[in-house]
$ cat structure.tsv   # TSV, C-alpha atoms
chain	number	residue	atom	x	y	z
L	1	MET	CA	-54.32	169.36	109.96
L	2	THR	CA	-52.23	172.48	110.39
L	3	ALA	CA	-48.98	172.09	112.34
L	4	LYS	CA	-48.53	174.36	115.32
L	5	LYS	CA	-45.46	176.51	115.14
L	6	ARG	CA	-43.45	178.61	117.55
L	7	LYS	CA	-40.66	181.04	117.16
L	8	ASP	CA	-37.11	180.30	118.24
L	9	ASP	CA	-34.70	182.79	119.77
L	10	ASP	CA	-33.82	184.13	116.32
L	11	GLY	CA	-37.47	184.69	115.47
L	12	ALA	CA	-37.69	181.80	113.00
L	13	GLU	CA	-40.81	179.65	113.13
L	14	VAL	CA	-40.29	175.99	114.07
L	15	PRO	CA	-42.90	173.28	114.70
L	16	GLU	CA	-43.80	172.70	118.32
L	17	GLU	CA	-42.87	169.48	119.98
L	18	GLY	CA	-45.41	166.75	119.41
L	19	THR	CA	-46.57	168.28	116.20
L	20	PRO	CA	-46.50	165.68	113.42
L	21	THR	CA	-44.12	166.44	110.57
L	22	PRO	CA	-45.78	166.52	107.19
L	23	ALA	CA	-45.02	163.47	105.05
L	24	PRO	CA	-43.17	164.07	101.86
L	25	ALA	CA	-45.35	164.45	98.85
L	26	GLU	CA	-45.80	161.54	96.54
L	27	GLY	CA	-43.08	161.26	93.97
L	28	HIS	CA	-40.41	163.05	96.01
L	29	GLU	CA	-38.73	159.80	97.07
L	30	HIS	CA	-38.75	158.68	93.48
L	31	ASP	CA	-37.18	161.99	92.46
L	32	ASP	CA	-34.40	161.58	95.01
L	33	ARG	CA	-33.58	158.11	93.74
L	34	HIS	CA	-33.69	159.42	90.20
L	35	ALA	CA	-31.26	162.22	91.15
L	36	GLU	CA	-28.81	159.71	92.60
L	37	ASN	CA	-28.83	157.69	89.38
L	38	ALA	CA	-28.93	160.71	87.07
L	39	GLU	CA	-26.22	161.03	84.40
L	40	PRO	CA	-23.68	163.88	84.66
L	41	LEU	CA	-24.68	167.03	82.86
L	42	ALA	CA	-22.66	168.77	80.16
L	43	GLU	CA	-21.65	172.40	80.45
L	44	ASP	CA	-24.87	173.50	78.74
L	45	GLY	CA	-26.97	171.44	81.15
L	46	ALA	CA	-27.71	168.59	78.73
L	47	PRO	CA	-27.04	165.06	79.99
L	48	THR	CA	-23.80	163.54	78.67
L	49	ASP	CA	-23.11	159.87	78.41
L	50	ALA	CA	-20.11	158.81	80.54
L	51	GLU	CA	-18.66	156.76	77.71
L	52	GLU	CA	-18.82	159.76	75.38
L	53	LEU	CA	-16.94	161.81	77.96
L	54	ASP	CA	-14.27	159.11	78.25
L	55	GLU	CA	-13.90	158.98	74.46
L	56	LEU	CA	-13.69	162.78	74.28
L	57	PHE	CA	-10.92	162.89	76.88
L	58	ALA	CA	-9.10	160.05	75.13
L	59	VAL	CA	-9.20	161.91	71.80
L	60	GLU	CA	-7.97	165.13	73.42
L	61	ASP	CA	-5.12	163.27	75.11
L	62	ALA	CA	-4.19	161.63	71.80
L	63	ASP	CA	-4.09	164.97	69.96
L	64	VAL	CA	-1.80	166.66	72.44
L	65	GLU	CA	1.88	166.83	71.43
L	66	VAL	CA	1.60	164.00	68.83
L	67	SER	CA	2.46	164.28	65.15
L	68	GLU	CA	1.89	162.05	62.14
L	69	THR	CA	5.28	160.38	62.67
L	70	GLY	CA	4.31	159.35	66.17
L	71	ASN	CA	6.81	161.73	67.73
L	72	SER	CA	5.93	164.67	69.89
L	73	LEU	CA	5.47	167.99	68.15
L	74	ASP	CA	8.37	169.43	70.14
L	75	ALA	CA	10.63	166.65	68.86
L	76	ASP	CA	9.53	167.27	65.26
L	77	ILE	CA	10.04	171.02	65.63
L	78	ASP	CA	13.52	170.45	67.06
L	79	HIS	CA	14.31	168.09	64.16
L	80	ILE	CA	13.11	170.61	61.56
L	81	LEU	CA	15.07	173.43	63.18
L	82	SER	CA	18.15	171.20	63.36
L	83	GLU	CA	17.90	170.36	59.64
L	84	ALA	CA	17.34	174.03	58.75
L	85	GLY	CA	20.33	175.05	60.84
L	86	ALA	CA	22.54	172.40	59.21
L	87	LYS	CA	21.52	173.55	55.72
L	88	GLU	CA	22.16	177.18	56.63
L	89	ILE	CA	25.60	176.33	58.03
L	90	GLU	CA	26.45	174.36	54.89
L	91	GLU	CA	25.32	177.26	52.73
L	92	TYR	CA	27.49	179.69	54.71
L	93	ARG	CA	30.47	177.34	54.37
L	94	ASP	CA	29.93	177.13	50.63
L	95	ARG	CA	29.74	180.91	50.37
L	96	ALA	CA	32.90	181.28	52.45
L	97	ALA	CA	34.77	178.78	50.23
L	98	ARG	CA	33.68	180.61	47.07
L	99	ALA	CA	34.65	183.97	48.57
L	100	GLU	CA	38.06	182.59	49.57
L	101	ALA	CA	38.63	181.20	46.06
L	102	GLU	CA	37.60	184.50	44.49
L	103	LEU	CA	39.95	186.36	46.83
L	104	ALA	CA	42.84	184.04	45.91
L	105	ASN	CA	42.12	184.56	42.20
L	106	PHE	CA	41.93	188.31	42.73
L	107	ARG	CA	45.29	188.34	44.52
L	108	ALA	CA	46.91	186.26	41.77
L	109	ARG	CA	45.46	188.57	39.13
L	110	VAL	CA	46.75	191.63	41.00
L	111	GLU	CA	50.23	190.09	41.27
L	112	ARG	CA	50.25	189.29	37.54
L	113	ASP	CA	49.11	192.79	36.66
L	114	ARG	CA	51.68	194.29	39.01
L	115	ALA	CA	54.50	192.23	37.46
L	116	ALA	CA	53.33	193.12	33.95
L	117	ASN	CA	53.17	196.82	34.80
L	118	ARG	CA	56.63	196.65	36.37
L	119	GLU	CA	58.08	195.03	33.25
L	120	ALA	CA	56.33	197.56	31.02
L	121	VAL	CA	57.78	200.48	33.00
L	122	ILE	CA	61.28	198.99	32.98
L	123	ALA	CA	61.03	198.24	29.26
L	124	GLU	CA	59.96	201.80	28.54
L	125	VAL	CA	62.90	203.22	30.51
L	126	ILE	CA	65.35	200.89	28.76
L	127	ARG	CA	63.87	201.70	25.37
L	128	SER	CA	64.46	205.40	26.02
L	129	LEU	CA	68.14	204.68	26.86
L	130	LEU	CA	68.83	202.35	23.94
L	131	PRO	CA	70.28	205.09	21.68
L	132	ALA	CA	72.90	205.88	24.35
L	133	ILE	CA	73.67	202.17	24.75
L	134	ASP	CA	74.04	201.83	20.96
L	135	ASP	CA	76.54	204.69	20.93
L	136	LEU	CA	78.56	203.07	23.68
L	137	ASP	CA	78.48	199.74	21.84
L	138	ARG	CA	79.74	201.32	18.62
L	139	ALA	CA	82.48	203.19	20.49
L	140	ALA	CA	83.48	199.94	22.21
L	141	SER	CA	83.61	198.09	18.86
L	142	HIS	CA	86.05	200.71	17.55
L	143	GLY	CA	88.15	200.59	20.73
L	144	ASP	CA	87.31	204.11	21.79
L	145	LEU	CA	86.17	203.09	25.31
L	146	GLU	CA	89.18	201.08	26.30
L	147	GLY	CA	90.97	202.76	29.20
L	148	SER	CA	88.60	205.73	29.23
L	149	PRO	CA	86.12	206.78	31.94
L	150	LEU	CA	83.25	205.90	29.58
L	151	GLU	CA	84.25	202.25	29.67
L	152	LEU	CA	83.37	202.11	33.36
L	153	VAL	CA	80.08	203.95	32.71
L	154	ALA	CA	79.14	201.47	29.96
L	155	GLN	CA	79.88	198.49	32.24
L	156	LYS	CA	77.74	199.90	35.05
L	157	MET	CA	74.81	200.58	32.71
L	158	ARG	CA	74.90	197.05	31.25
L	159	GLY	CA	75.17	195.53	34.74
L	160	SER	CA	72.19	197.53	35.98
L	161	PHE	CA	70.02	196.51	33.02
L	162	GLU	CA	71.01	192.86	33.36
L	163	ARG	CA	69.81	192.85	36.99
L	164	TYR	CA	66.34	193.69	35.67
L	165	GLY	CA	66.52	190.76	33.25
L	166	LEU	CA	67.61	192.61	30.10
L	167	ARG	CA	69.35	190.39	27.56
L	168	ARG	CA	70.80	190.89	24.09
L	169	VAL	CA	69.04	189.46	21.06
L	170	GLY	CA	70.70	188.66	17.75
L	171	GLU	CA	73.82	186.56	17.25
L	172	VAL	CA	75.51	185.57	14.04
L	173	GLY	CA	74.79	181.93	13.19
L	174	GLU	CA	71.56	181.52	15.16
L	175	ALA	CA	68.29	180.55	13.49
L	176	PHE	CA	66.21	183.40	12.23
L	177	ASP	CA	63.20	184.02	14.48
L	178	PRO	CA	60.73	186.65	13.24
L	179	ALA	CA	59.55	187.10	16.84
L	180	PHE	CA	62.98	188.56	17.77
L	181	HIS	CA	64.68	189.39	14.47
L	182	GLU	CA	63.93	191.94	11.79
L	183	ALA	CA	65.41	190.91	8.44
L	184	LEU	CA	66.79	193.89	6.53
L	185	VAL	CA	68.71	191.85	3.93
L	186	GLN	CA	68.33	188.34	2.55
L	187	LEU	CA	71.43	186.63	1.20
L	188	PRO	CA	70.94	183.40	-0.79
L	189	SER	CA	73.53	180.84	0.33
L	190	ALA	CA	74.30	177.24	-0.55
L	191	GLU	CA	75.83	176.71	2.89
L	192	VAL	CA	72.55	176.95	4.86
L	193	THR	CA	69.48	174.74	4.81
L	194	SER	CA	67.28	177.18	6.77
L	195	ASN	CA	67.11	180.90	7.37
L	196	THR	CA	70.11	181.88	9.48
L	197	VAL	CA	71.39	185.17	10.87
L	198	ALA	CA	74.39	186.13	8.71
L	199	ASP	CA	75.12	189.53	10.26
L	200	VAL	CA	73.77	191.75	13.05
L	201	ILE	CA	73.25	195.29	11.89
L	202	GLU	CA	71.70	196.52	15.13
L	203	ILE	CA	71.59	194.50	18.32
L	204	GLY	CA	68.16	193.79	19.84
L	205	TYR	CA	67.08	193.57	23.45
L	206	ALA	CA	64.48	191.57	25.38
L	207	LEU	CA	63.31	191.88	28.97
L	208	GLY	CA	62.59	188.34	30.02
L	209	GLU	CA	60.23	187.10	27.30
L	210	LYS	CA	59.09	190.62	26.42
L	211	LEU	CA	60.79	192.04	23.33
L	212	VAL	CA	62.04	195.59	23.85
L	213	ARG	CA	63.56	195.98	20.40
L	214	PRO	CA	64.04	193.40	17.65
L	215	ALA	CA	67.51	192.80	16.28
L	216	LYS	CA	68.09	194.15	12.77
L	217	VAL	CA	69.90	191.43	10.88
L	218	ALA	CA	71.00	190.15	7.49
L	219	VAL	CA	69.65	186.64	6.82
L	220	SER	CA	71.19	183.84	4.84
L	221	VAL	CA	68.49	181.88	3.01
L	222	PRO	CA	68.89	178.55	1.19
L	223	GLU	CA	69.39	178.80	-2.60
L	224	GLY	CA	66.74	177.46	-4.78
$ encode --input "structure.tsv" --output "structure tokens"
Amino acid sequence: MTAKKRKDDDGAEVPEEGTPTPAPAEGHEHDDRHAENAEPLAEDGAPTDAEELDELFAVEDADVEVSETGNSLDADIDHILSEAGAKEIEEYRDRAARAEAELANFRARVERDRAANREAVIAEVIRSLLPAIDDLDRAASHGDLEGSPLELVAQKMRGSFERYGLRRVGEVGEAFDPAFHEALVQLPSAEVTSNTVADVIEIGYALGEKLVRPAKVAVSVPEG
């Protein structure tokens, strides 16, 4: 039986009053119940078991921000960065200590070289003036300087050289030392048991421990 229809104000067809409504086709009720009990669908439309979804979410939650140590990845990253920073700081400190030690050694070496160069220059100047000093010494030994203007000059020269550390080398009676004495004559003697300076022919000079000129001496040597 065909249902009578009428049009509403909008022009849509609706069944007239008293017209029986067609019964739903067989199987539709069953489909509705089936839809209510249907499993949720995956993104691709395939049915997904609820337990599998729960397990998937649990695995994803477990993987987020967790490392092998059980700490969060952020904590592990911070720990690694902290260790790296500590090692880098220690390395910089070690480099700074080595650089400071090298600088101290360099300064000490410069000071030693400067002192050695200073002594070498002074020794060279004194060596160039030794002939004049020898002449003054010989004149003084003969009494020619006493009361003369040259006596004052000789005293000032010796005083100036002594301020730089110049000292005389070679005295009668002292032990012969080849590092400071030059033996021009050897005199066998029964009065000595070791080589001894018997006479100073030419006085020597040393600047500190640096020999400027060895003393020329006559040496008494034991007989035998």
$ closest_residue --input "structure.tsv" --among "L:Phe106, L:Phe161, L:Phe176, L:Tyr92" --to "Val192 (chain L)" --atoms "all atoms listed in the file"
L:Phe176
$ atom_distance --input "structure.tsv" --atom1 "CA of Leu145 (chain L)" --atom2 "CA of Arg158 (chain L)"
14.1 Å
$ residues_around --input "structure.tsv" --residues "Glu191 (chain L)" --least-positions-apart "6" --cutoff "9 Å" --atoms "only C-alpha atoms" --output "ChimeraX atom specification"
/L:220-223
$ atom_distance --input "structure.tsv" --atom1 "CA of Ile201 (chain L)" --atom2 "CA of Ala218 (chain L)"
7.1 Å
$ atom_distance --input "structure.tsv" --atom1 "CA of Gln186 (chain L)" --atom2 "CA of Ile203 (chain L)"
17.2 Å
$ closest_residue --input "structure.tsv" --among "L:Glu83, L:Glu182, L:Asp144, L:Asp199" --to "Ala215 (chain L)" --atoms "only C-alpha atoms"
L:Glu182
$ residues_around --input "structure.tsv" --residues "region 208-214 of chain L" --least-positions-apart "5" --cutoff "10 Å" --atoms "all atoms listed in the file" --output "list in words"
Ala116, Glu119, Ala120, Ile122, Ala123, Glu124, Ile126, Arg127, Leu130, Tyr164, Gly165, Leu166, Arg167, Arg168, Val169, Gly170, Asp177, Pro178, Ala179, Phe180, His181, Glu182, Ala183, Glu202 and Ile203 of chain L
